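Engineer: The structure that follows is given in the form of structure tokens.
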Amino acid sequence: MATLVSVYELVSDTSNVVRSLKARGFDDLTTYSPAPFPELEEAEDPTPSKVRVLTLIGGLVGVVTGFGIQIWMSMDWPIKIAGKNFAAIPPMWIIGFELTILFGGILTVIGLIAFGGLYPRKLDEHYSPRFSGDEFGVVVNCSDRDVAEVEALMRGNNAKEVKLHG
Amino acid sequence: MAPPPASAVPDAMNSPVSRPRDSQTNIDIMAVTKGFHWPWLIALLIAVSGVIAAASVLAWQTYEGLGVAGYQAPVFWGVYIITFVFWIGIGHAGTLISAILYLFRAKWRNAINRGAEAMTVFAVLTAALFPLIHIGRLWKFYFLLPYPNQRYLWVNFKSPLLWDVFAVNTYLTISVLFFLVGLVPDIAVARDRAVGWKKAVYTILALGWQGTGKQWKAHNRTVLHLSGIATPLVLSVHSIVSWDFAMSIVPGWHATIFAPYFVAGAIFGGFAMVIVVMIPVRRIFRLEKYITDYHFENMSRFILFTSLICGYAYGAEYFIAWYSGVEFEQTSFWLRAFGPYWFSTWCMIVFNVFMPQLLWIKSLRTNLPFLFVLCFFINLGMWFERYVIIITSLSREYIPAAWGLYIPSAVELTVLTGSFCWFSMFFLLFLKMFPIIAISEVKELEIHAKEAH
């Protein structure tokens, strides 16, 4: 098994090489980018992020919790306030709305931590500070016999540098 | 000459991809956190002194009781509540710039969003102190939370004050999350360029960020969703703060226009504060290349637009008071303009409505000394707006025999000054620890520009 690390100047070259590699079946790849680029995201993995599911779950849990605690607490010690029902729904929209946002936001960030692998840890072996500068990196794991083809694809898409590991 | 193929170079087998090259954007923006800047140190010393003075006064007030703050009938909502509403309003620009302008794909926000987000977090942190200061007995604050207790009593969910607790805490939480999520990729930039203990700290805070496709995918989706949910939130928070007043039947408060009026005022004051803060930051730390006249011109347009909304709201309030035929309302508004608090009312109108009209002139929208002075007065005007709303109404309610005259006490004014110092202290410390401009977002624009060439 070999690992090829390539460096690019432009996002279009990086996106193109990722598309070419995936088209040739080299799916075991990782990209490094100094900034968010939708075209690169699209080339690497066009499926929607799972973070959206957690946002939805958080929002639903929030709205149910918001209304639930208000109805339950209002009925648990019923006090007539301003002639309204014990569990008057209209004023409950406000706290229901706030908790929808609160829970939705918290679960969204939990989704980022979970799906983005964000926790203090050792950085990847092939990560370079250049990738937090203004250059892009593409790392591909392939079999030894595919090294020449992968390298050709990388250089064909204007790789500034290609290194072989392993 | 073409480089040799990697497969043919044995030396390349174990050499990591790493060259000592950095982007100019990283160097320029990270330079703010490095080195020594006299104006920064002087500002920090003033801020810390103000915080110590306010903390001492607060300790005395906590020991003696709210009487030392000059609280007496009929005005029990004084400078503390005015300042709470003021700081909540200041905290609106950051989320507006980060969330709403993000959804509108307004790319010009990229250079100013970090500073505005930091300002939002510190402003809301400052605001959140004031209800606690205002209740006097700080140790009873948890009575506002719905927690199980031995008396089996729950909080009153029909009270706008409780809505406020939920709204402000939700806004603080979401603002902090938004701020931290945006900061992580830039902390990784700092980590990659730091040495010693700083590197250790940044390594922990960067949470293993490397800018992989997987991380950016989750990050982009998170920013999009947080923007989506923060947009109605930012509009709701000051609406709910306004209902603290509008839900009551005090003359001058019981108005349906309050929610949009407060939201527009918050955006107006928030943008003015961003300008007041960012002009010296840009000058002292030489960030002219990133924070340009174009940014200030766009912010000036927001200020002009929201100033017109505020002007409309002021006019609508007076019109409705006259048109309603309710003499309590009419008297209340007459006394605002010509009663004992006329000075604050006219400051509010002149600073918030008349002076911003100068921004119709294009050359003034990019004249930074002028903008700095104007925005300083707008902030003063916005504080006076809350003073007018709260004090004039409470001091002149229904029964003339119960009227009174409110004059802010030295204790209140010290705490007010301390709140500015508290806010400034956090902002100044942030400046020296983290990138004040969102590096990755600026780079996104730069790399696209490079691509276009």
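Labels used: A, B, ... for chains in the order of the structure tokens, numbers from 1 for residues in each chain, and numbers from 1 for ligands as shown.
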For chain A, report every residue with an atom at most 7 Å from chain B (counting only C-alpha atoms), formatted as a ChimeraX atom specification.

Structural biologist: /A:10,30-36,41,49,51,70,73,77,91,94-95,98,101-102,105,108-109,112,115-116,118-123,126,128-130,132-134,148,162-166

Engineer: Counting only C-alpha atoms, what is within 12 Å of segment 36-40 of chain B, bar same-chain residues fewer than 3 positions away, as a PyMOL selection string?

Structural biologist: chain B and resi 31-33+43-47+280-281+283-286+424-425+427-432

Engineer: What parts of segment 263-403 of chain B does DSSP call alpha helix (DSSP H)? I'd like the answer as a PyMOL selection string.

Structural biologist: chain B and resi 263-284+293-324+327-338+342-349+362-365+368-387+393-395

Engineer: For atom CA of Glu397 of chain B and atom CA of Ala321 of chain B, determine how far apart the two atoms are, in Å to one decimal place.

Structural biologist: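 Between these atoms lies a distance of 14.4 Å.
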
Engineer: Skip Asn379 of chain B itself and residues of its chain fewer than 5 positions away, then list as an MDAnalysis selection string all residues within 8 Å of it, counting only C-alpha atoms.

Structural biologist: chainID B and resid 269 272:273

Engineer: Please identify the strand (DSSP E) residues within segment 24-151 of chain A (assignment by DSSP from backbone atoms) and present them as JSON, numbers by chain.

Structural biologist: {"A": [29, 30, 31, 32, 136, 137, 138, 139, 140, 141, 142]}

Engineer: Please provide the set of residues having any atom within 10 Å of Leu235 of chain B, restricted to only C-alpha atoms, with same-chain residues fewer than 2 positions apart removed, written as a list of chain:residue names.

Structural biologist: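 Residues meeting the cut-off are B:His92, B:Thr95, B:Leu96, B:Ala230, B:Thr231, B:Pro232, B:Leu233, B:Val237, B:His238, B:Ser239, B:Ile240, B:Ala259, B:Pro260, B:Phe262, B:Val263, B:Ala264, B:Ala266, B:Ile267.
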
Engineer: Please produce an output containing N, CA and C atoms for each residue in the selection, written as a short mmCIF file (atom, residue, chain, number, x, y, z; two decimals), in the first residue's frame.

Structural biologist:
```
data_model
loop_
_atom_site.label_atom_id
_atom_site.label_comp_id
_atom_site.auth_asym_id
_atom_site.auth_seq_id
_atom_site.Cartn_x
_atom_site.Cartn_y
_atom_site.Cartn_z
N HIS B 92 -26.75 42.86 18.65
CA HIS B 92 -27.50 42.40 17.48
C HIS B 92 -26.73 42.45 16.18
N THR B 95 -24.71 39.07 15.02
CA THR B 95 -25.48 37.96 14.47
C THR B 95 -26.11 38.37 13.14
N LEU B 96 -26.47 39.64 13.05
CA LEU B 96 -27.01 40.10 11.77
C LEU B 96 -25.96 39.95 10.67
N ALA B 230 -30.39 31.26 13.63
CA ALA B 230 -30.06 32.50 14.34
C ALA B 230 -30.79 33.70 13.75
N THR B 231 -31.21 33.59 12.49
CA THR B 231 -31.89 34.73 11.86
C THR B 231 -33.22 35.05 12.54
N PRO B 232 -34.13 34.08 12.69
CA PRO B 232 -35.34 34.43 13.46
C PRO B 232 -35.03 34.72 14.92
N LEU B 233 -33.96 34.11 15.44
CA LEU B 233 -33.61 34.34 16.85
C LEU B 233 -33.23 35.79 17.09
N VAL B 237 -35.18 38.18 19.78
CA VAL B 237 -34.64 38.55 21.10
C VAL B 237 -35.05 39.97 21.49
N HIS B 238 -34.80 40.92 20.60
CA HIS B 238 -35.14 42.28 20.99
C HIS B 238 -36.65 42.51 20.95
N SER B 239 -37.36 41.69 20.15
CA SER B 239 -38.83 41.77 20.21
C SER B 239 -39.29 41.38 21.61
N ILE B 240 -38.72 40.31 22.13
CA ILE B 240 -39.13 39.83 23.45
C ILE B 240 -38.71 40.83 24.53
N ALA B 259 -41.96 45.91 18.98
CA ALA B 259 -41.03 44.86 18.54
C ALA B 259 -40.19 45.29 17.34
N PRO B 260 -40.81 45.69 16.21
CA PRO B 260 -39.96 46.14 15.09
C PRO B 260 -39.14 47.39 15.41
N PHE B 262 -37.81 48.17 18.35
CA PHE B 262 -36.64 47.76 19.12
C PHE B 262 -35.62 47.03 18.24
N VAL B 263 -36.12 46.17 17.34
CA VAL B 263 -35.20 45.41 16.49
C VAL B 263 -34.41 46.35 15.58
N ALA B 264 -35.12 47.31 14.97
CA ALA B 264 -34.43 48.27 14.09
C ALA B 264 -33.43 49.10 14.89
N ALA B 266 -31.90 48.18 17.56
CA ALA B 266 -30.77 47.32 17.96
C ALA B 266 -29.77 47.19 16.82
N ILE B 267 -30.28 47.00 15.61
CA ILE B 267 -29.38 46.87 14.45
C ILE B 267 -28.65 48.20 14.21
#
```

Engineer: Near Val139 of chain A, counting only C-alpha atoms, which residues have an atom at most 6 Å away, once you skip same-chain residues fewer than 3 positions from it, shown as a list in words?

Structural biologist: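 So the residues in contact are Leu4, Val5, Leu29 and Thr30 of chain A.
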
Engineer: Using only C-alpha atoms, which residues sit within 10 Å of Cys347 of chain B once same-chain residues fewer than 6 positions away are excluded, as number ranges by chain?

Structural biologist: B: 353, 377-378, 380-385, 388

Engineer: Skip Arg155 of chain A itself and residues of its chain fewer than 3 positions away, then list as a compact mmCIF listing (two decimals) with C-alpha atoms, in the first residue's frame all residues within 10 Å of it, counting only C-alpha atoms.

Structural biologist:
```txt
# COMPACT_ATOMS: atom_id res chain seq x y z
CA SER A 6 0.03 16.19 -3.70
CA VAL A 7 -0.14 19.97 -3.33
CA TYR A 8 -2.14 22.42 -5.49
CA VAL A 17 -7.96 15.87 -9.60
CA GLU A 149 -1.30 6.21 -12.61
CA VAL A 150 -2.25 8.25 -9.56
CA GLU A 151 0.85 10.35 -9.88
CA ALA A 152 0.12 10.97 -13.56
CA ASN A 158 -1.14 20.87 -12.16
CA ALA A 159 0.09 19.44 -8.86
CA LYS A 160 2.89 21.68 -7.58
CA GLU A 161 4.41 18.80 -5.72
CA VAL A 162 3.85 15.06 -5.40
CA PRO B 3 10.26 17.38 -11.71
CA PRO B 5 8.29 11.30 -10.73
```

Engineer: Which one is closest to Cys421 of chain B: B:Cys375, B:Leu405, B:Val51, B:Ile249? Count only C-alpha atoms.

Structural biologist: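 Distance minimum relative to Cys421 of chain B lands on B:Val51.
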
Engineer: Rounded to one decimal, what separation in Å do you get between atom CA of Ala118 of chain B and atom CA of Val201 of chain B?

Structural biologist: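 Separation of atom CA of Ala118 of chain B and atom CA of Val201 of chain B: 19.4 Å.
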